[in-house]
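**Q** I have a structure here, written as structure tokens, and I will follow up with some questions on it.
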Amino acid sequence: MTKPPQILIVEDEILIAMDLEDMVAEMGGTAIASAHNIKTAMAESIEADAAILDVDVAGQLVFPVADILAARGIPFLFNTGHSAEDVLRARYESAPICRKPTLPRQLKLTLQKLLASRNDRTGTGDAALA
């Protein structure tokens, strides 16, 4: 039996985090954590299959979390209203950027693609979303 994908959500806006958790659950995944600060996100990133990252989390940039995820080969996307898209693309060229306010369909499709690309790289059929 395939386990549901474990998705780390790093978002400091509680209502947005709750919406993301609901979206992940509707897709058949599990939100392993909704980290509302960078310190918690860094601790929770270990078990994730993928992550949804806001760029500005409680006044801190999410880059340390993104760096850990990238080093571990865990795909992530940015879901952000941050205006420095060129900085994100230069530092994390393979990470998709969803601009807030993000349509749920766009976010779902992007997350599905992230997990599919991870499965292709690892050669596993685990961690797919509906």
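By order in the structure tokens, chains are A, B, ...; within a chain, residues start at 1; ligands start at 1, following the order shown.
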I'd like the contact shell of stretch 97-100 of chain A - 6 Å cut-off, only C-alpha atoms, skipping same-chain residues fewer than 5 positions apart - returned as a list in words.
**A**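 Everything that qualifies: Leu77, Phe78, Asn79, Thr80 and Gly81 of chain A.
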**Q** Please, which residues of chain A, numbered as in this document, come out helix (DSSP H, G or I) from DSSP, as a short mmCIF file (atom, residue, chain, number, x, y, z; two decimals) with N, CA and C atoms, in the first residue's frame?
**A**
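Contents of states26.cif, freshly written:
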```cif
data_model
loop_
_atom_site.label_atom_id
_atom_site.label_comp_id
_atom_site.auth_asym_id
_atom_site.auth_seq_id
_atom_site.Cartn_x
_atom_site.Cartn_y
_atom_site.Cartn_z
N ILE A 14 -2.31 32.18 9.18
CA ILE A 14 -3.04 31.00 9.66
C ILE A 14 -4.14 30.55 8.69
N LEU A 15 -4.93 31.47 8.18
CA LEU A 15 -6.03 31.09 7.29
C LEU A 15 -5.52 30.50 5.97
N ILE A 16 -4.45 31.06 5.44
CA ILE A 16 -3.86 30.51 4.22
C ILE A 16 -3.30 29.12 4.51
N ALA A 17 -2.63 28.95 5.64
CA ALA A 17 -2.09 27.64 6.02
C ALA A 17 -3.21 26.61 6.14
N MET A 18 -4.33 27.00 6.74
CA MET A 18 -5.45 26.07 6.88
C MET A 18 -6.03 25.70 5.51
N ASP A 19 -6.14 26.67 4.62
CA ASP A 19 -6.61 26.38 3.26
C ASP A 19 -5.67 25.41 2.55
N LEU A 20 -4.37 25.60 2.72
CA LEU A 20 -3.39 24.71 2.10
C LEU A 20 -3.49 23.30 2.68
N GLU A 21 -3.65 23.21 3.98
CA GLU A 21 -3.82 21.89 4.62
C GLU A 21 -5.04 21.18 4.05
N ASP A 22 -6.16 21.90 3.92
CA ASP A 22 -7.38 21.32 3.36
C ASP A 22 -7.17 20.86 1.93
N MET A 23 -6.49 21.68 1.13
CA MET A 23 -6.24 21.34 -0.27
C MET A 23 -5.40 20.06 -0.36
N VAL A 24 -4.36 19.96 0.45
CA VAL A 24 -3.49 18.77 0.45
C VAL A 24 -4.31 17.54 0.84
N ALA A 25 -5.16 17.66 1.85
CA ALA A 25 -5.99 16.54 2.29
C ALA A 25 -6.98 16.13 1.19
N GLU A 26 -7.59 17.10 0.53
CA GLU A 26 -8.53 16.80 -0.55
C GLU A 26 -7.85 16.06 -1.70
N ILE A 38 10.37 29.97 10.79
CA ILE A 38 11.49 29.29 10.12
C ILE A 38 12.07 28.17 10.99
N LYS A 39 12.21 28.40 12.28
CA LYS A 39 12.79 27.40 13.17
C LYS A 39 11.99 26.10 13.15
N THR A 40 10.68 26.20 13.25
CA THR A 40 9.82 25.01 13.20
C THR A 40 9.92 24.34 11.84
N ALA A 41 9.93 25.13 10.78
CA ALA A 41 10.00 24.58 9.42
C ALA A 41 11.28 23.78 9.21
N MET A 42 12.38 24.27 9.73
CA MET A 42 13.65 23.56 9.57
C MET A 42 13.61 22.21 10.27
N ALA A 43 12.98 22.15 11.41
CA ALA A 43 12.88 20.89 12.15
C ALA A 43 11.94 19.91 11.47
N GLU A 44 10.89 20.41 10.84
CA GLU A 44 9.87 19.55 10.26
C GLU A 44 10.18 19.09 8.84
N SER A 45 11.19 19.66 8.21
CA SER A 45 11.44 19.39 6.80
C SER A 45 12.00 17.99 6.53
N ILE A 46 12.40 17.27 7.56
CA ILE A 46 13.09 15.99 7.41
C ILE A 46 12.25 14.94 6.69
N GLU A 47 11.00 14.81 7.02
CA GLU A 47 10.16 13.74 6.50
C GLU A 47 9.32 14.10 5.28
N PHE A 63 14.62 31.10 2.94
CA PHE A 63 15.76 30.50 2.24
C PHE A 63 16.48 29.40 3.02
N PRO A 64 16.68 29.50 4.34
CA PRO A 64 17.34 28.38 5.03
C PRO A 64 16.56 27.07 4.90
N VAL A 65 15.24 27.15 4.92
CA VAL A 65 14.41 25.95 4.75
C VAL A 65 14.54 25.43 3.33
N ALA A 66 14.44 26.33 2.35
CA ALA A 66 14.58 25.93 0.95
C ALA A 66 15.94 25.29 0.68
N ASP A 67 16.98 25.82 1.30
CA ASP A 67 18.32 25.26 1.12
C ASP A 67 18.40 23.82 1.66
N ILE A 68 17.79 23.58 2.82
CA ILE A 68 17.78 22.23 3.40
C ILE A 68 17.00 21.28 2.49
N LEU A 69 15.84 21.72 2.05
CA LEU A 69 15.03 20.88 1.16
C LEU A 69 15.79 20.56 -0.12
N ALA A 70 16.40 21.57 -0.72
CA ALA A 70 17.15 21.36 -1.97
C ALA A 70 18.30 20.38 -1.75
N ALA A 71 19.01 20.51 -0.64
CA ALA A 71 20.13 19.60 -0.35
C ALA A 71 19.66 18.17 -0.18
N ARG A 72 18.45 17.99 0.31
CA ARG A 72 17.90 16.65 0.52
C ARG A 72 17.16 16.11 -0.70
N GLU A 85 10.77 38.00 -7.55
CA GLU A 85 10.73 36.75 -8.31
C GLU A 85 12.07 36.44 -8.98
N ASP A 86 12.77 37.47 -9.43
CA ASP A 86 14.07 37.26 -10.07
C ASP A 86 15.09 36.66 -9.10
N VAL A 87 15.03 37.06 -7.83
CA VAL A 87 15.93 36.50 -6.82
C VAL A 87 15.60 35.02 -6.60
N LEU A 88 14.31 34.70 -6.53
CA LEU A 88 13.89 33.31 -6.35
C LEU A 88 14.35 32.45 -7.52
N ARG A 89 14.15 32.94 -8.74
CA ARG A 89 14.53 32.17 -9.93
C ARG A 89 16.04 31.97 -10.01
N ALA A 90 16.80 32.99 -9.62
CA ALA A 90 18.26 32.87 -9.66
C ALA A 90 18.77 31.87 -8.62
N ARG A 91 18.17 31.88 -7.45
CA ARG A 91 18.65 31.02 -6.36
C ARG A 91 18.08 29.61 -6.44
N PRO A 104 -6.58 27.71 -6.45
CA PRO A 104 -6.34 26.34 -5.96
C PRO A 104 -5.96 25.37 -7.06
N ARG A 105 -6.57 25.50 -8.22
CA ARG A 105 -6.24 24.59 -9.32
C ARG A 105 -4.78 24.71 -9.73
N GLN A 106 -4.28 25.95 -9.81
CA GLN A 106 -2.87 26.16 -10.19
C GLN A 106 -1.95 25.52 -9.15
N LEU A 107 -2.26 25.72 -7.89
CA LEU A 107 -1.44 25.17 -6.82
C LEU A 107 -1.46 23.64 -6.85
N LYS A 108 -2.63 23.06 -7.05
CA LYS A 108 -2.75 21.60 -7.12
C LYS A 108 -1.94 21.03 -8.27
N LEU A 109 -2.07 21.63 -9.45
CA LEU A 109 -1.33 21.14 -10.61
C LEU A 109 0.18 21.24 -10.40
N THR A 110 0.61 22.34 -9.82
CA THR A 110 2.04 22.53 -9.57
C THR A 110 2.55 21.51 -8.56
N LEU A 111 1.80 21.25 -7.51
CA LEU A 111 2.20 20.27 -6.52
C LEU A 111 2.22 18.86 -7.10
N GLN A 112 1.25 18.52 -7.93
CA GLN A 112 1.23 17.22 -8.60
C GLN A 112 2.47 17.04 -9.47
N LYS A 113 2.85 18.09 -10.21
CA LYS A 113 4.04 18.02 -11.06
C LYS A 113 5.31 17.84 -10.23
N LEU A 114 5.38 18.53 -9.10
CA LEU A 114 6.56 18.38 -8.23
C LEU A 114 6.72 16.93 -7.77
N LEU A 115 5.63 16.35 -7.31
CA LEU A 115 5.69 14.97 -6.82
C LEU A 115 5.98 13.99 -7.95
N ALA A 116 5.41 14.23 -9.12
CA ALA A 116 5.67 13.36 -10.28
C ALA A 116 7.15 13.43 -10.66
N SER A 117 7.73 14.64 -10.64
CA SER A 117 9.14 14.76 -11.00
C SER A 117 10.03 14.09 -9.96
N ARG A 118 9.64 14.15 -8.69
CA ARG A 118 10.41 13.46 -7.66
C ARG A 118 10.34 11.95 -7.87
N ASN A 119 9.15 11.44 -8.18
CA ASN A 119 8.99 10.01 -8.44
C ASN A 119 9.84 9.58 -9.63
N ASP A 120 9.89 10.42 -10.66
CA ASP A 120 10.72 10.11 -11.84
C ASP A 120 12.19 10.02 -11.46
N ARG A 121 12.65 10.96 -10.61
CA ARG A 121 14.06 10.99 -10.20
C ARG A 121 14.41 9.83 -9.30
N THR A 122 13.50 9.46 -8.41
CA THR A 122 13.80 8.41 -7.43
C THR A 122 13.43 7.02 -7.93
#
```
**Q** Write out as a list in words the residues lying within 6 Å of A:Ala50, counting only C-alpha atoms and excluding same-chain residues fewer than 3 positions away.
**A**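 Selected residues are Ile7, Ile74, Pro75 and Phe76 of chain A.
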**Q** What separation in Å, quoted to one decimal, exists between atom CA of A:Thr30 and atom CA of A:Ala95?
**A**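 Computed distance, atom CA of A:Thr30 to atom CA of A:Ala95, equals 20.7 Å.
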**Q** Between A:Pro4, A:Ala31, A:Ala84, A:Gly73, single out the one closest to A:Leu61, counting only C-alpha atoms.
**A**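 Result for the nearest residue to A:Leu61: A:Ala84.
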**Q** Which residue gives the smallest distance to A:Met27 among A:Leu103, A:Ala48, A:Pro5, A:Val10, with only C-alpha atoms counted?
**A**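 Nearest to A:Met27: A:Pro5.
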**Q** Let's see if you can do this: from backbone DSSP, list all strand (DSSP E or B) residues in stretch 10-88 of chain A, as a list of chain:residue names.
**A** A:Val10, A:Thr30, A:Ala31, A:Ile32, A:Ala33, A:Ser34, A:Ala35, A:Ala50, A:Ala51, A:Ile52, A:Leu53, A:Asp56, A:Val57, A:Gln60, A:Leu61, A:Phe76, A:Leu77, A:Phe78, A:Asn79, A:Thr80
**Q** Report, in Å with one decimal, the straight-line distance from atom CA of A:His82 to atom CA of A:Ile52.
**A**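 Taking atom CA of A:His82 and atom CA of A:Ile52, their separation equals 14.2 Å.
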**Q** Please, what distance in Å, to one decimal, runs between atom CA of A:Val57 and atom CA of A:Asp12?
**A**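 Interatomic distance, atom CA of A:Val57 to atom CA of A:Asp12: 5.3 Å.
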